[in-house]
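J.: Here's a structure for you.
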Protein chains: 2
Amino acid sequence: MVRTRRGVDELQLAVYTAMTIAVWAGGNPDVIPTSGEIWPRPREIKRGFMTMVVDPMDFRFVATDYTCDILKQAMARYQGMITSQSSFGPGCLKEPPTKNTLRVVQVRLGSECEVYPHQDMDESYEIKVNISSTYGSGIITSQSIWGILRGLESFAQLLIPDGSLYKLTATTIKDYPRYSHRGIMIDTARHYLPVRKIEEMLDLMAMNKFNVLHWHIVDDQSFPYQSNKFPDLSEKGAYSKYHIYTGLDIAEIVEYARVRGIRIIPEFDTPEHMKSWGPGQPGLLTSCYKGDEPDGTYGAIDPTNEKNYEFLKSFLEEVSDRFPDDHLHLGGDSALEGLRCWKSNPNITKYMEKLGIEGRYDVLRAMYTQRLFDVTWDLPNKKSFLVWEDVFDRGIELPKNVIVHIWILHYLDFWKQSLREITSFGYRAIMSSCWYLSDYVGNNWRRFYACDPRDFEGTQEQKNLVLGGEACVWGEHVDATNIIQTTWPSACAIGERLWSSSKDTTDPEAAAPRLEEHRCRLLQRGYSVRPVFSSYCDTDVYL
Amino acid sequence: MVRTRRGVDELQLAVYTAMTIAVWAGGNPDVIPTSGEIWPRPREIKRGFMTMVVDPMDFRFVATDYTCDILKQAMARYQGMITSQSSFGPGCLKEPPTKNTLRVVQVRLGSECEVYPHQDMDESYEIKVNISSTYGSGIITSQSIWGILRGLESFAQLLIPDGSLYKLTATTIKDYPRYSHRGIMIDTARHYLPVRKIEEMLDLMAMNKFNVLHWHIVDDQSFPYQSNKFPDLSEKGAYSKYHIYTGLDIAEIVEYARVRGIRIIPEFDTPEHMKSWGPGQPGLLTSCYKGDEPDGTYGAIDPTNEKNYEFLKSFLEEVSDRFPDDHLHLGGDSALEGLRCWKSNPNITKYMEKLGIEGRYDVLRAMYTQRLFDVTWDLPNKKSFLVWEDVFDRGIELPKNVIVHIWILHYLDFWKQSLREITSFGYRAIMSSCWYLSDYVGNNWRRFYACDPRDFEGTQEQKNLVLGGEACVWGEHVDATNIIQTTWPSACAIGERLWSSSKDTTDPEAAAPRLEEHRCRLLQRGYSVRPVFSSYCDTDVYL
């Protein structure tokens with residue numbers, strides 16, 4: 001009896017589906033998107049044969065076990081997303097079927113919420129959506145709030161817009177990430193990014209299960225970070241008094257990321273790339289000489305000035321205070337000018353003679369780095385530090401709590417040798433060499449997808465030391481007008497590489513239809529994610 | 001006495017200026033924008049020493065001679081732009097100085113308005129802005145409405161936002177374009193572009209003095225053009241029933257372009273790139289064979305089917321009707337599949353045997369082109385036809401009213417040989433080989449800027465046959481999410497190359513500060529024009 005009724009509804013649904021397809025088929029697009037597939041691909045996903053309907057006007061999440069502010073906000077966020085999205089789509093379907101409707105999804109969080117996401121957080125979750133009696137039933141389970149967040153995103157992706165309703169198929173998912181560090185680096189020194197735009201990036205990161213925003217906040221070009229202790233730094237180093245991030249801006253961004261399970265790791269790059277620090281902190285930078293006279297320009301930090309280490313300690317204490325994550329990025333990539341300036345400066349030369357390291361600028365740099373580590377050693381809430389691989393290349397003894405960030409020669413495979421060498425010394429590492437997004441070229445997502453941070457010759461121990469990677473969005477040609485289009489969907493490919501099983505994600509052509517659905521999904525959610533195939537999305541006519 | 005007063009106001013202005021600069025100086029941007037410079041660079045520009053103020057609340061254009069709907073709309077448009085822009089900028093300046101204020105600009109149109117812009121339209125104009133007695137006086141003069149439109153844009157660019165006012169310097173301009181065909185090609189087949197987005201492109205084209213929109217409207221992927229005579233073409237060939245351009249849409253776009261002095265030249269590409277035509281017009285395409293059986297796929301048009309020429313005639317009559325410009329682009333670029341399919345089809349083979357041209361597919365193609373020209377010869381309002389250079393390469397005799405569109409090998413200099421050869425036969429030509437924008441890469445504007453369509457070995461007569469060029473924005477990876485960022489400001493560089501004197505525009509580095517000001521200007525006007533330098537605009541904090 002029930003079976004019959006259900007049969008009828010099944011038929012009814014089949015009809016809606018047919019209608020929908022009939023409306024949309026046409027032309028010769030490069031790729032036909034999937035329906036209700038999840039990006040990045042989950043570890044295990046089993047599909048049932050039953051289909052259900054979600055009426056956004058009669059649907060809710062219910063937290064049945066532990067709960068907290070993060071969970072409440074997340075349920076409200078996804079509820080809102082489900083409601084607003086449904087306004088899109090082809091025709092409107094007035095009457096939902098009376099049966100096979102999924103009205104409630106239980107959210108089962110198995111423990112107290114942690115306050116901040118962290119390197120070792122548990123992001124695993126399970127989803128069960130099925131028909132029990134004549135109604136749909138849905139359960140999202142995780143031992144950790146971070147897993148619940150990932151699960152909510154996956155659940156939302158199961159929903160297939162269909163008029164004013166959604167369709168979805170009975171599904172069971174067991175999912176967890178492959179890499180623990182899945183990051184995107186933004187650069188707010190070459191161009192300022194408004195707070196709202198950074199939050200848009202965080203939205204999209206959460207929708208692709210990224211968990212680290214690496215914020216390259218200052219550089220030669222500008223110093224938008226407003227310090228309370230040293231206000232002159234941004235006063236004199238920012239592009240303008242409007243192109244800054246106040247303490248409140250940073251608190252807002254940190255909180256926005258926290259409730260999405262995303263860590264914020266700021267980078268303050270030294271000893272080079274510091275030109276914009278100079279005007280606000282006299283004596284910090286080495287003044288460059290022409291012959292016996294300073295030529296008015298400045299290079300790297302002046303390592304001979306003891307005051308500079310006190311300044312760095314005091315400055316980084318404030319930074320540590322504002323950025324709760326226990327990791328800090330110390331930069332350390334080299335720029336030739338810095339060296340040129342050190343060589344030209346007679347005080348530096350004297351200093352090196354005194355130490356008996358004449359001409360050994362690599363040693364001078366290593367000494368600076370050593371001092372920097374001393375300074376950062378006892379920062380209140382920091383226990384790990386990231387550095388660009390240049391620091392390692394100088395062959396200095398690094399503390400074991402350092403994570404080496406590989407970036408060099410991203411168009412060749414030298415990064416594999418670097419990872420092999422660095423991990424052979426027992427250091428942890430992350431990889432960005434393959435993943436420079438700053439100038440987009442149509443189909444580069446395939447190249448990004450093909451590159452795996454653990455794809456180098458080494459022992460299992462060595463590979464386990466590779467925590468993941470980051471997509472780098474350098475700012476020379478990127479600002480609020482194009483950062484979304486430059487980053488997405490290229491970064492989606494990287495997101496799947498970092499989250500999903502490598503054996504299930506070997507073929508970009510197999511991934512293409514899922515990527516196309518995901519791109520259209522993000523577009524439908526209101527983000528200007530650019531196209532990578534000759535094709536269309538239902539909602540691109542409204543752009 | 002007046003002199004003294006004026007001196008005071010000058011001083012007053014100097015102070016505002018200083019203030020403004022003080023607010024904005026900071027950091028180390030790659031480039032410092034100019035103030036009140038014009039893009040593309042005018043032929044002659046003389047600057048006076050006097051500075052004036054425009055208060056948008058007390059400013060208007062007055063048509064003193066001929067006028068018409070185009071002129072009235074243009075004055076209203078620029079009035080509105082001047083009023084809205086002034087809301088941006090650093091502080092707000094409450095009280096305008098009582099003197100040296102420019103309150104009225106006379107617009108002197110020396111003849112009746114033409115209805116539609118055309119290949120030989122006069123776009124020259126003059127601007128005089130100066131102090132007469134104690135007030136500013138401004139005059140924009142042209143013999144042609146099209147020149148007035150260009151002049152209004154140049155005048156608007158003289159205005160330097162300064163709080164709620166504008167500053168400008170006494171200036172005399174004599175200006176006219178170097179090339180008569182200054183185009184941008186958009187592709188609505190790979191991706192659909194909403195009407196509003198095409199209009200945004202037209203806005204930006206007018207702001208960069210482009211005068212041709214080449215609309216590559218259909219291709220293999222989709223057929224968004226809705227025909228009244230042959231509704232099945234879009235019914236079955238468009239991506240969806242929403243991804244189409246109705247007759248009304250086209251009329252709206254044509255009118256939007258007309259009042260901005262921009263011609264719309266549609267392209268209907270044959271005999272290849274026609275896959276999307278097939279479902280709506282049975283018998284039009286050649287069916288491809290596997291052995292003795294059709295394999296269900298279709299290639300180029302079937303040149304053996306007489307009905308197809310009747311169809312083309314009837315179809316292109318409707319097209320000519322909807323697009324008033326007297327030029328039509330007939331495409332003609334080759335795609336290998338088309339040939340493959342011709343070779344596989346026994347009827348084509350028989351046909352060729354009958355004509356004694358076995359295996360001479362180049363001849364078959366030439367015959368098709370000949371027939372196409374016969375069809376288009378007596379189209380009511382068309383007198384010139386553009387074709388991609390492939391048609392010429394086949395060495396067929398082209399009518400002299402054909403303009404050859406060079407596009408091949410845009411990364412090498414072979415286009416120079418093509419132009420040399422084509423013009424040596426007395427054909428007119430336009431060039432796109434250097435200007436493929438579809439995938440943007442940070443600094444490519446310098447490469448675009450360096451390329452000049454007349455930079456080939458040939459007589460002056462030959463060079464005069466080169467009417468200009470087009471920036472091509474192919475749609476494989478471009479839709480409404482990124483077409484603005486992909487096209488601009490790269491196309492600004494091409495706009496200056498096509499408009500300005502070559503001798504004044506040899507050095508991209510000299511152009512950079514003007515390009516930076518122009519990019520910020522377009523951003524301030526509300527368009528998502530991407531950055532090409534590490535720098536900032538006053539208004540990018542609001543994005």
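For the structure tokens, the naming scheme is as follows: chains receive sequential letters (A, B, ...) according to their order of presentation, residues are indexed from 1 within each chain, and ligands are indexed from 1 in presentation order.
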Name all residues at most 7 Å from region 208-225 of chain A (count only C-alpha atoms; drop same-chain ones fewer than 3 positions away) and give them as number ranges by chain.

T.: A: 39-40, 150, 181-190, 204-205, 233-234, 237-239, 243-246, 261-268, 273-277, 492, 495; B: 27-29

J.: Using only C-alpha atoms, find which residues of chain A lie within 7 Å of chain B and jot them down as a ChimeraX atom specification.

T.: /A:23-29,190-191,194,220-223,236-240,242-243,276,439-442,476-482,485,528-536,541,543

J.: Please identify the alpha helix (DSSP H) residues within region 176-389 of chain A (assignment by DSSP from backbone atoms) and present them as a PyMOL selection string.

T.: chain A and resi 195-207+232-237+247-258+306-322+336-344+346-355+361-377+389

J.: Just the residues within 12 Å of Ile70 (chain B), please, counting only C-alpha atoms, with nothing from its chain fewer than 5 positions along; format it as a ChimeraX atom specification.

T.: /B:63,75-77,109,112-117,144-149,255-262

J.: Let me see the file: selected residues, C-alpha atoms, as a compact mmCIF listing (two decimals), in the first residue's frame.

T.:
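Output saved as result36.txt:
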# COMPACT_ATOMS: atom_id res chain seq x y z
CA ALA B 63 23.52 72.71 -26.97
CA MET B 75 24.43 65.46 -22.37
CA ALA B 76 22.10 63.91 -19.78
CA ARG B 77 24.32 60.83 -19.52
CA LEU B 109 27.23 70.66 -33.18
CA GLU B 112 22.25 67.74 -38.54
CA CYS B 113 22.70 64.44 -36.68
CA GLU B 114 23.20 61.30 -38.74
CA VAL B 115 20.92 58.48 -37.61
CA TYR B 116 23.44 55.64 -37.46
CA PRO B 117 27.22 55.59 -36.99
CA SER B 144 29.36 65.67 -36.46
CA ILE B 145 27.32 64.21 -33.63
CA TRP B 146 29.87 61.41 -33.44
CA GLY B 147 32.65 63.90 -32.79
CA ILE B 148 30.56 65.54 -30.07
CA LEU B 149 30.16 62.17 -28.34
CA GLU B 255 19.88 51.43 -30.03
CA TYR B 256 22.08 51.45 -26.92
CA ALA B 257 25.13 51.31 -29.20
CA ARG B 258 23.78 53.84 -31.74
CA VAL B 259 23.41 56.66 -29.22
CA ARG B 260 27.02 56.02 -28.13
CA GLY B 261 28.35 56.15 -31.68
CA ILE B 262 29.03 52.42 -31.82

J.: Restricting the calculation to only C-alpha atoms, which member of A:Met81, A:Cys68, A:Ala335, A:Leu316 is positioned closest to Leu379 (chain A)?

T.: A:Leu316

J.: Can you tell me which residues surround Ser84 (chain A) at a distance of at most 12 Å, considering only C-alpha atoms, apart from same-chain residues fewer than 3 positions away, and format the answer as number ranges by chain?

T.: A: 55-57, 77-81, 87-89, 161, 164-166, 524-526

J.: To one decimal in Å, tell me the separation between CA of Val391 (chain B) and CA of Tyr368 (chain B).

T.: 10.7 Å

J.: I need the residues in region 117-210 of chain A that are strand (DSSP E) according to DSSP; give them as a PyMOL selection string.

T.: chain A and resi 125-132+135-142+160-162+165-175+181-187

J.: What does the distance between CA of Asp390 (chain B) and CA of Pro303 (chain B) come to in Å, to one decimal place?

T.: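 Pair CA of Asp390 (chain B) / CA of Pro303 (chain B) returns 17.7 Å.
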
J.: Quick one: residues within 12 Å of Leu398 (chain B), only C-alpha atoms, excluding same-chain residues fewer than 2 positions away - as a PyMOL selection string?

T.: chain B and resi 366-367+369-374+377+384-387+389+391-396+400-404+422+425-428

J.: Could you write those residues out with C-alpha atoms, as a PDB file, in the first residue's frame?

T.:
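Output saved as part00.pdb:
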ATOM      1  CA  ALA B 366      35.614  28.207 -52.641  1.00  0.00           C
ATOM      2  CA  MET B 367      32.494  27.386 -54.625  1.00  0.00           C
ATOM      3  CA  THR B 369      31.923  30.979 -50.633  1.00  0.00           C
ATOM      4  CA  GLN B 370      31.141  32.160 -54.164  1.00  0.00           C
ATOM      5  CA  ARG B 371      27.524  31.108 -53.738  1.00  0.00           C
ATOM      6  CA  LEU B 372      27.402  32.822 -50.346  1.00  0.00           C
ATOM      7  CA  PHE B 373      28.566  36.079 -51.916  1.00  0.00           C
ATOM      8  CA  ASP B 374      25.878  35.711 -54.604  1.00  0.00           C
ATOM      9  CA  TRP B 377      25.135  40.492 -52.946  1.00  0.00           C
ATOM     10  CA  SER B 384      30.422  45.596 -47.260  1.00  0.00           C
ATOM     11  CA  PHE B 385      31.222  42.176 -45.866  1.00  0.00           C
ATOM     12  CA  LEU B 386      33.902  41.044 -43.461  1.00  0.00           C
ATOM     13  CA  VAL B 387      35.440  37.579 -43.662  1.00  0.00           C
ATOM     14  CA  GLU B 389      41.408  35.600 -43.511  1.00  0.00           C
ATOM     15  CA  VAL B 391      38.668  32.773 -46.996  1.00  0.00           C
ATOM     16  CA  PHE B 392      41.388  34.799 -48.658  1.00  0.00           C
ATOM     17  CA  ASP B 393      43.965  32.092 -47.997  1.00  0.00           C
ATOM     18  CA  ARG B 394      41.974  29.824 -50.304  1.00  0.00           C
ATOM     19  CA  GLY B 395      42.965  32.215 -53.061  1.00  0.00           C
ATOM     20  CA  ILE B 396      39.465  32.711 -54.420  1.00  0.00           C
ATOM     21  CA  LYS B 400      36.282  44.313 -53.656  1.00  0.00           C
ATOM     22  CA  ASN B 401      33.677  45.238 -51.064  1.00  0.00           C
ATOM     23  CA  VAL B 402      35.074  42.513 -48.785  1.00  0.00           C
ATOM     24  CA  ILE B 403      37.162  43.418 -45.742  1.00  0.00           C
ATOM     25  CA  VAL B 404      39.598  40.683 -44.703  1.00  0.00           C
ATOM     26  CA  ILE B 422      46.065  41.067 -48.778  1.00  0.00           C
ATOM     27  CA  PHE B 425      45.672  42.782 -53.930  1.00  0.00           C
ATOM     28  CA  GLY B 426      43.830  45.980 -53.069  1.00  0.00           C
ATOM     29  CA  TYR B 427      41.590  44.503 -50.373  1.00  0.00           C
ATOM     30  CA  ARG B 428      40.783  46.386 -47.196  1.00  0.00           C
TER      31      ARG B 428
END

J.: What lies within 12 Å of Thr101 (chain B) using only C-alpha atoms, ignoring chain neighbours under 6 positions off, as an mmCIF file with N, CA and C atoms, in the first residue's frame?

T.:
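Just written: out_24.cif:
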data_model
loop_
_atom_site.group_PDB
_atom_site.id
_atom_site.type_symbol
_atom_site.label_atom_id
_atom_site.label_comp_id
_atom_site.auth_asym_id
_atom_site.auth_seq_id
_atom_site.Cartn_x
_atom_site.Cartn_y
_atom_site.Cartn_z
ATOM 1 N N ARG B 6 41.499 86.400 -8.162
ATOM 2 C CA ARG B 6 41.770 85.112 -8.805
ATOM 3 C C ARG B 6 42.945 84.444 -8.093
ATOM 4 N N ASP B 9 41.831 82.627 -5.104
ATOM 5 C CA ASP B 9 41.179 81.353 -5.399
ATOM 6 C C ASP B 9 42.215 80.307 -5.821
ATOM 7 N N GLU B 10 43.171 80.752 -6.636
ATOM 8 C CA GLU B 10 44.244 79.834 -7.038
ATOM 9 C C GLU B 10 44.893 79.236 -5.795
ATOM 10 N N LEU B 13 42.706 76.801 -4.087
ATOM 11 C CA LEU B 13 42.705 75.517 -4.792
ATOM 12 C C LEU B 13 43.991 74.749 -4.483
ATOM 13 N N MET B 50 45.780 78.161 -15.629
ATOM 14 C CA MET B 50 44.660 78.443 -14.735
ATOM 15 C C MET B 50 43.927 77.168 -14.342
ATOM 16 N N THR B 51 43.451 77.144 -13.108
ATOM 17 C CA THR B 51 42.665 76.021 -12.628
ATOM 18 C C THR B 51 41.242 76.466 -12.327
ATOM 19 N N MET B 52 40.300 75.619 -12.635
ATOM 20 C CA MET B 52 38.897 75.920 -12.379
ATOM 21 C C MET B 52 38.279 74.845 -11.505
ATOM 22 N N VAL B 53 37.072 75.152 -11.046
ATOM 23 C CA VAL B 53 36.322 74.187 -10.237
ATOM 24 C C VAL B 53 34.981 73.928 -10.917
ATOM 25 N N VAL B 54 34.541 72.666 -10.869
ATOM 26 C CA VAL B 54 33.183 72.344 -11.296
ATOM 27 C C VAL B 54 32.411 71.837 -10.083
ATOM 28 N N ASP B 55 31.294 72.493 -9.807
ATOM 29 C CA ASP B 55 30.403 72.020 -8.754
ATOM 30 C C ASP B 55 29.256 71.271 -9.441
ATOM 31 N N PRO B 56 29.215 69.954 -9.313
ATOM 32 C CA PRO B 56 28.233 69.168 -10.087
ATOM 33 C C PRO B 56 26.798 69.619 -9.832
ATOM 34 N N MET B 57 26.554 70.271 -8.691
ATOM 35 C CA MET B 57 25.195 70.730 -8.393
ATOM 36 C C MET B 57 24.880 72.037 -9.128
ATOM 37 N N ASP B 58 25.900 72.630 -9.714
ATOM 38 C CA ASP B 58 25.726 73.900 -10.423
ATOM 39 C C ASP B 58 26.512 73.844 -11.730
ATOM 40 N N PHE B 59 26.186 72.831 -12.543
ATOM 41 C CA PHE B 59 26.899 72.639 -13.806
ATOM 42 C C PHE B 59 25.940 72.069 -14.838
ATOM 43 N N GLU B 95 32.217 74.432 0.587
ATOM 44 C CA GLU B 95 31.958 75.665 -0.149
ATOM 45 C C GLU B 95 32.798 75.794 -1.407
ATOM 46 N N VAL B 129 38.572 74.909 -22.881
ATOM 47 C CA VAL B 129 38.169 75.254 -21.516
ATOM 48 C C VAL B 129 39.127 76.307 -21.013
ATOM 49 N N ASN B 130 38.601 77.452 -20.550
ATOM 50 C CA ASN B 130 39.468 78.529 -20.122
ATOM 51 C C ASN B 130 38.735 79.434 -19.145
ATOM 52 N N ILE B 131 39.449 80.437 -18.672
ATOM 53 C CA ILE B 131 38.810 81.450 -17.826
ATOM 54 C C ILE B 131 38.456 82.640 -18.692
ATOM 55 N N SER B 132 37.181 83.015 -18.728
ATOM 56 C CA SER B 132 36.818 84.265 -19.405
ATOM 57 C C SER B 132 36.242 85.167 -18.324
ATOM 58 N N SER B 133 36.711 86.387 -18.260
ATOM 59 C CA SER B 133 36.461 87.274 -17.114
ATOM 60 C C SER B 133 36.772 86.445 -15.862
ATOM 61 N N THR B 134 35.893 86.369 -14.914
ATOM 62 C CA THR B 134 36.243 85.643 -13.686
ATOM 63 C C THR B 134 35.590 84.272 -13.646
ATOM 64 N N TYR B 135 34.950 83.875 -14.750
ATOM 65 C CA TYR B 135 34.302 82.572 -14.767
ATOM 66 C C TYR B 135 34.973 81.639 -15.755
ATOM 67 N N GLY B 136 34.791 80.361 -15.508
ATOM 68 C CA GLY B 136 35.280 79.407 -16.469
ATOM 69 C C GLY B 136 34.359 79.378 -17.676
ATOM 70 N N SER B 137 34.930 79.056 -18.829
ATOM 71 C CA SER B 137 34.098 78.883 -20.014
ATOM 72 C C SER B 137 34.544 77.621 -20.729
ATOM 73 N N GLY B 138 33.575 76.856 -21.216
ATOM 74 C CA GLY B 138 33.916 75.605 -21.879
ATOM 75 C C GLY B 138 33.128 75.433 -23.160
ATOM 76 N N LEU B 165 33.567 68.319 -5.291
ATOM 77 C CA LEU B 165 33.741 69.125 -6.507
ATOM 78 C C LEU B 165 34.703 68.434 -7.454
ATOM 79 N N TYR B 166 34.978 69.098 -8.557
ATOM 80 C CA TYR B 166 36.047 68.676 -9.450
ATOM 81 C C TYR B 166 36.969 69.856 -9.675
ATOM 82 N N LYS B 167 38.252 69.568 -9.900
ATOM 83 C CA LYS B 167 39.179 70.566 -10.393
ATOM 84 C C LYS B 167 39.413 70.288 -11.878
ATOM 85 N N LEU B 168 39.715 71.331 -12.649
ATOM 86 C CA LEU B 168 40.254 71.106 -13.987
ATOM 87 C C LEU B 168 41.108 72.291 -14.391
ATOM 88 N N THR B 169 41.994 72.041 -15.354
ATOM 89 C CA THR B 169 42.936 73.052 -15.806
ATOM 90 C C THR B 169 42.487 73.553 -17.171
ATOM 91 N N ALA B 170 42.745 74.830 -17.430
ATOM 92 C CA ALA B 170 42.463 75.383 -18.755
ATOM 93 C C ALA B 170 43.135 74.508 -19.811
#

J.: In Å, rounded to a single decimal, give me how far CA of Trp342 (chain A) is from CA of Val375 (chain A).

T.: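 These atoms are spaced 21.9 Å apart.
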
J.: Which residues are close to Thr171 (chain B), i.e. within 8 Å by only C-alpha atoms, leaving aside same-chain residues fewer than 5 positions away? Reply as a PyMOL selection string.

T.: chain B and resi 45-48+127-130
